[in-house]
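Visitor: So that we are looking at the same thing, I have put the structure below in structure tokens.
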Amino acid sequence: MKQSELEQQFEQELLQNSRKAESECGCRFARLTQTVSRYGGLGTAKALFRRKTASEGFSVLQQAGRLDLSLEATAVKTKYASLFTDEEINHCLSLLCEGGHYRAR
């Protein structure tokens with residue numbers, strides 16, 4: 001199935017953030033990268049949301065103060081809203097809130 005332009009943008013941003021997290025935070029995303037290459041960024045995100053767990057590296061990014069690079073933070077961006085259900089977005093927002101992503105600095 002052909003990806004929409006928006007799905008391609010999401011996948012590119014996800015992979016770009018993964019590379020940035022690896023270089024800046026030492027967080028390895030081997031499994032995420034493999035899954036994205038097999039199922040696409042959107043398929044990977046949706047499978048993760050169905051399991052109701054945090055993405056690979058979430059806790060490392062949290063400790064580094066870089067949850068902005070997480071799959072969850074990418075998924076909740078307004079530009080990607082049409083790709084996800086309200087339940088999926090709420091799951092991400094909940095994880096990000098619990099992780100302190102939205103605390104005043």
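Residues are referred to by chain and number: the chain letter is A, B, ... according to the order shown in the structure tokens, the number counts from 1 in that chain, and ligands are numbered separately from 1 in the order shown.
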Need to verify the contact set: Ser94 (chain A), 10 Å, only C-alpha atoms, exclusion of same-chain residues closer than 6 positions in sequence. Can you return it as a PyMOL selection string?

Guide: chain A and resi 72+88+100

Visitor: Would you output that residue set with C-alpha atoms, as a PDB file, in the first residue's frame?

Guide:
ATOM      1  CA  GLU A  72       4.976  10.090  21.001  1.00  0.00           C
ATOM      2  CA  GLU A  88      -3.939   7.202  20.234  1.00  0.00           C
ATOM      3  CA  GLY A 100       7.314  15.688  32.442  1.00  0.00           C
TER       4      GLY A 100
END

Visitor: Region 61-68 of chain A: which residues within 7 Å, counting only C-alpha atoms, same-chain residues fewer than 2 positions away excluded, as a list of chain:residue names?

Guide: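 Those residues are A:Cys25, A:Gly57, A:Phe58, A:Ser59, A:Ser70, A:Ala73, A:Gly99, A:His101.
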
Visitor: Within 12 Å of Ala81 (chain A), counting only C-alpha atoms, which residues qualify if same-chain residues fewer than 3 places away don't, as a PyMOL selection string?

Guide: chain A and resi 6-7+10+42+73-78+84-90+92

Visitor: Which is closest to Phe29 (chain A) among A:Cys97, A:Leu71, A:Ala47, A:Leu83, if we use only C-alpha atoms?

Guide: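 The answer is A:Leu71, which sits nearest to Phe29 (chain A).
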